[in-house]
Amino acid sequence: MTAVLVIAGTDPSGGAGLTRDVATLASFGVEALCAVTAITVQSDHDVVSVAPQPATLVQAQIAAALRTRRAAAVKIGMLGTDAIVLAVAASLPPREATPLVLDPVLAATAGGTLLDVPGRAALCATLLPRATLLTPNIPEAAALLGVTPAASAAEVVEQGRALCALGVAAVLMKGGHADGPAAIDWLIGADGGVRELRAPRSAATRRGTGCALASGIAAGLALGLPLAAACERAKQHVTALLHSAT
């Protein structure tokens, strides 16, 4: 059975993190290999504490997973520290062999930092050039670039292209923090091309939608879908999740 290697943190509430990743992959008929980067104590209401795992332990988990079976794609979520970022970057198979979806988890919805400032710098330097797709929301994109969050579609595209200039093959700028009747994401390639992905905006909010989107895309890539098709299918999955929460 096709497998995706998920590198992320745990969430005891089950709303986000590895729990959401594994559930999403299962819904697409894909198995999960897992490496735990951090243990969090959080709920829908707050983040109580975060315990990043030793970088050597994270690296050993990845090596064990890849010795066990081939990963057809990799999905990375919460990393926590620069040491973990560097350990993960040193452990990955080449981009040509295995597509990588990188969800830059910087902070929890309920509050709390999930990747420190040195970690963000390491992410940009080592993992962005390795990634097939980066999936930031508007605040995350701005934080990675050190700029003000985009206030218009033109600014969103401009920031997506700036992230591509850091070496990532493509960026999916998530528009969940924007306004309007449609929830629009922008798929931006390193060649500057832009494709809009649209869905009706849901009034509901739900933790873990970013995890589900990135894992759904990784599942599609693992199954051989082109990037745009994988993004479209994953967005449909997340839209269904949000509407089921209303």
# chains A, B, ... in the order shown; residues from 1 in each chain; ligands from 1
call {"tool": "select_by_dssp", "arguments": {"residues": "region 14-228 of chain A", "states": "strand (DSSP E or B)", "output": "JSON, numbers by chain"}}
result
{"A": [31, 32, 33, 34, 35, 36, 37, 38, 39, 40, 41, 42, 47, 48, 49, 50, 51, 52, 73, 74, 75, 76, 80, 100, 101, 102, 107, 113, 115, 133, 134, 137, 170, 171, 172, 173, 174, 182, 183, 184, 185, 186, 187, 188, 189, 194, 195, 196, 197, 198, 199, 200]}
call {"tool": "select_by_dssp", "arguments": {"residues": "region 8-242 of chain A", "states": "helix (DSSP H, G or I)", "output": "MDAnalysis selection string"}}
result
chainID A and resid 17:27 55:68 82:91 117:130 138:145 153:164 209:222 227:242
call {"tool": "residues_around", "arguments": {"residues": "Thr56 (chain A)", "least_positions_apart": "6", "cutoff": "9 Å", "atoms": "only C-alpha atoms", "output": "PDB file with N, CA and C atoms, in the first residue's frame"}}
result
ATOM      1  N   ALA A  83      17.275  23.018  15.599  1.00  0.00           N
ATOM      2  CA  ALA A  83      17.989  21.742  15.610  1.00  0.00           C
ATOM      3  C   ALA A  83      17.170  20.650  14.934  1.00  0.00           C
ATOM      4  N   ILE A  84      15.864  20.643  15.178  1.00  0.00           N
ATOM      5  CA  ILE A  84      14.997  19.649  14.534  1.00  0.00           C
ATOM      6  C   ILE A  84      14.900  19.921  13.037  1.00  0.00           C
ATOM      7  N   ALA A  87      18.016  18.593  11.483  1.00  0.00           N
ATOM      8  CA  ALA A  87      18.040  17.130  11.507  1.00  0.00           C
ATOM      9  C   ALA A  87      17.117  16.544  10.443  1.00  0.00           C
TER      10      ALA A  87
END
call {"tool": "closest_residue", "arguments": {"among": "A:His243, A:His237, A:Arg207, A:Arg120", "to": "Ser13 (chain A)", "atoms": "only C-alpha atoms"}}
result
A:Arg207
call {"tool": "residues_around", "arguments": {"residues": "Ala214 (chain A)", "least_positions_apart": "4", "cutoff": "7 Å", "atoms": "only C-alpha atoms", "output": "VMD selection string"}}
result
chain A and resid 75 101 103 135 210 218
call {"tool": "write_last_selection", "arguments": {"atoms": "N, CA and C atoms", "output": "CSV table (one decimal), in the first residue's frame"}}
result
chain,number,residue,atom,x,y,z
A,75,LYS,N,5.3,14.6,4.1
A,75,LYS,CA,4.6,15.8,4.6
A,75,LYS,C,5.2,16.2,5.9
A,101,VAL,N,5.7,18.0,0.8
A,101,VAL,CA,4.8,19.0,1.1
A,101,VAL,C,5.1,19.6,2.5
A,103,ASP,N,4.2,22.2,5.4
A,103,ASP,CA,3.3,23.1,6.0
A,103,ASP,C,4.0,23.9,7.1
A,135,THR,N,2.9,25.4,2.0
A,135,THR,CA,1.5,25.7,2.1
A,135,THR,C,1.2,26.7,3.3
A,210,GLY,N,-5.3,23.1,8.1
A,210,GLY,CA,-4.0,23.2,7.4
A,210,GLY,C,-3.3,21.9,7.4
A,218,ALA,N,-0.2,15.7,-0.1
A,218,ALA,CA,0.9,14.7,-0.1
A,218,ALA,C,0.3,13.3,-0.5
call {"tool": "residues_around", "arguments": {"residues": "Pro12 (chain A)", "least_positions_apart": "2", "cutoff": "7 Å", "atoms": "only C-alpha atoms", "output": "number ranges by chain"}}
result
A: 10, 14, 41-42
call {"tool": "closest_residue", "arguments": {"among": "A:His45, A:Arg70, A:Arg233, A:Arg195", "to": "Ala219 (chain A)", "atoms": "only C-alpha atoms"}}
result
A:Arg233
call {"tool": "closest_residue", "arguments": {"among": "A:Ser244, A:Ser152, A:Thr132, A:Thr19", "to": "Ala190 (chain A)", "atoms": "only C-alpha atoms"}}
result
A:Thr132
call {"tool": "residues_around", "arguments": {"residues": "Arg130 (chain A)", "least_positions_apart": "4", "cutoff": "9 Å", "atoms": "only C-alpha atoms", "output": "list in words"}}
result
Ala89, Leu92, Pro94, Arg95, Pro99, Leu100, Thr126, Gly167, Val168 and Ala169 of chain A
call {"tool": "write_last_selection", "arguments": {"atoms": "N, CA and C atoms", "output": "JSON list (two decimals), in the first residue's frame"}}
result
[["chain", "number", "residue", "atom", "x", "y", "z"],
["A", 89, "ALA", "N", 16.13, 18.07, 7.64],
["A", 89, "ALA", "CA", 16.69, 18.37, 6.32],
["A", 89, "ALA", "C", 17.79, 17.38, 5.95],
["A", 92, "LEU", "N", 16.20, 13.62, 4.76],
["A", 92, "LEU", "CA", 15.22, 13.42, 3.69],
["A", 92, "LEU", "C", 15.85, 12.85, 2.43],
["A", 94, "PRO", "N", 16.24, 12.67, -1.72],
["A", 94, "PRO", "CA", 16.31, 13.79, -2.67],
["A", 94, "PRO", "C", 14.93, 14.17, -3.20],
["A", 95, "ARG", "N", 14.78, 15.44, -3.57],
["A", 95, "ARG", "CA", 13.51, 15.92, -4.12],
["A", 95, "ARG", "C", 13.09, 15.13, -5.34],
["A", 99, "PRO", "N", 8.45, 13.55, -3.51],
["A", 99, "PRO", "CA", 7.88, 14.89, -3.33],
["A", 99, "PRO", "C", 7.66, 15.21, -1.85],
["A", 100, "LEU", "N", 7.81, 16.48, -1.52],
["A", 100, "LEU", "CA", 7.70, 16.95, -0.13],
["A", 100, "LEU", "C", 6.71, 18.10, -0.06],
["A", 126, "THR", "N", 17.06, 25.64, 4.60],
["A", 126, "THR", "CA", 17.31, 24.23, 4.30],
["A", 126, "THR", "C", 16.13, 23.47, 3.73],
["A", 167, "GLY", "N", 13.56, 29.31, -3.23],
["A", 167, "GLY", "CA", 13.96, 27.99, -3.69],
["A", 167, "GLY", "C", 12.89, 26.94, -3.75],
["A", 168, "VAL", "N", 11.72, 27.19, -3.14],
["A", 168, "VAL", "CA", 10.66, 26.19, -3.16],
["A", 168, "VAL", "C", 10.09, 26.07, -4.58],
["A", 169, "ALA", "N", 9.69, 24.85, -4.97],
["A", 169, "ALA", "CA", 9.23, 24.63, -6.34],
["A", 169, "ALA", "C", 7.88, 25.29, -6.60]]
call {"tool": "closest_residue", "arguments": {"among": "A:Met173, A:Ala234, A:Ala229, A:Val88", "to": "Gly216 (chain A)", "atoms": "only C-alpha atoms"}}
result
A:Ala234
call {"tool": "residues_around", "arguments": {"residues": "Val50 (chain A)", "least_positions_apart": "3", "cutoff": "12 Å", "atoms": "only C-alpha atoms", "output": "number ranges by chain"}}
result
A: 9-12, 37-42, 46-47, 53, 78-81, 107-108, 111-116
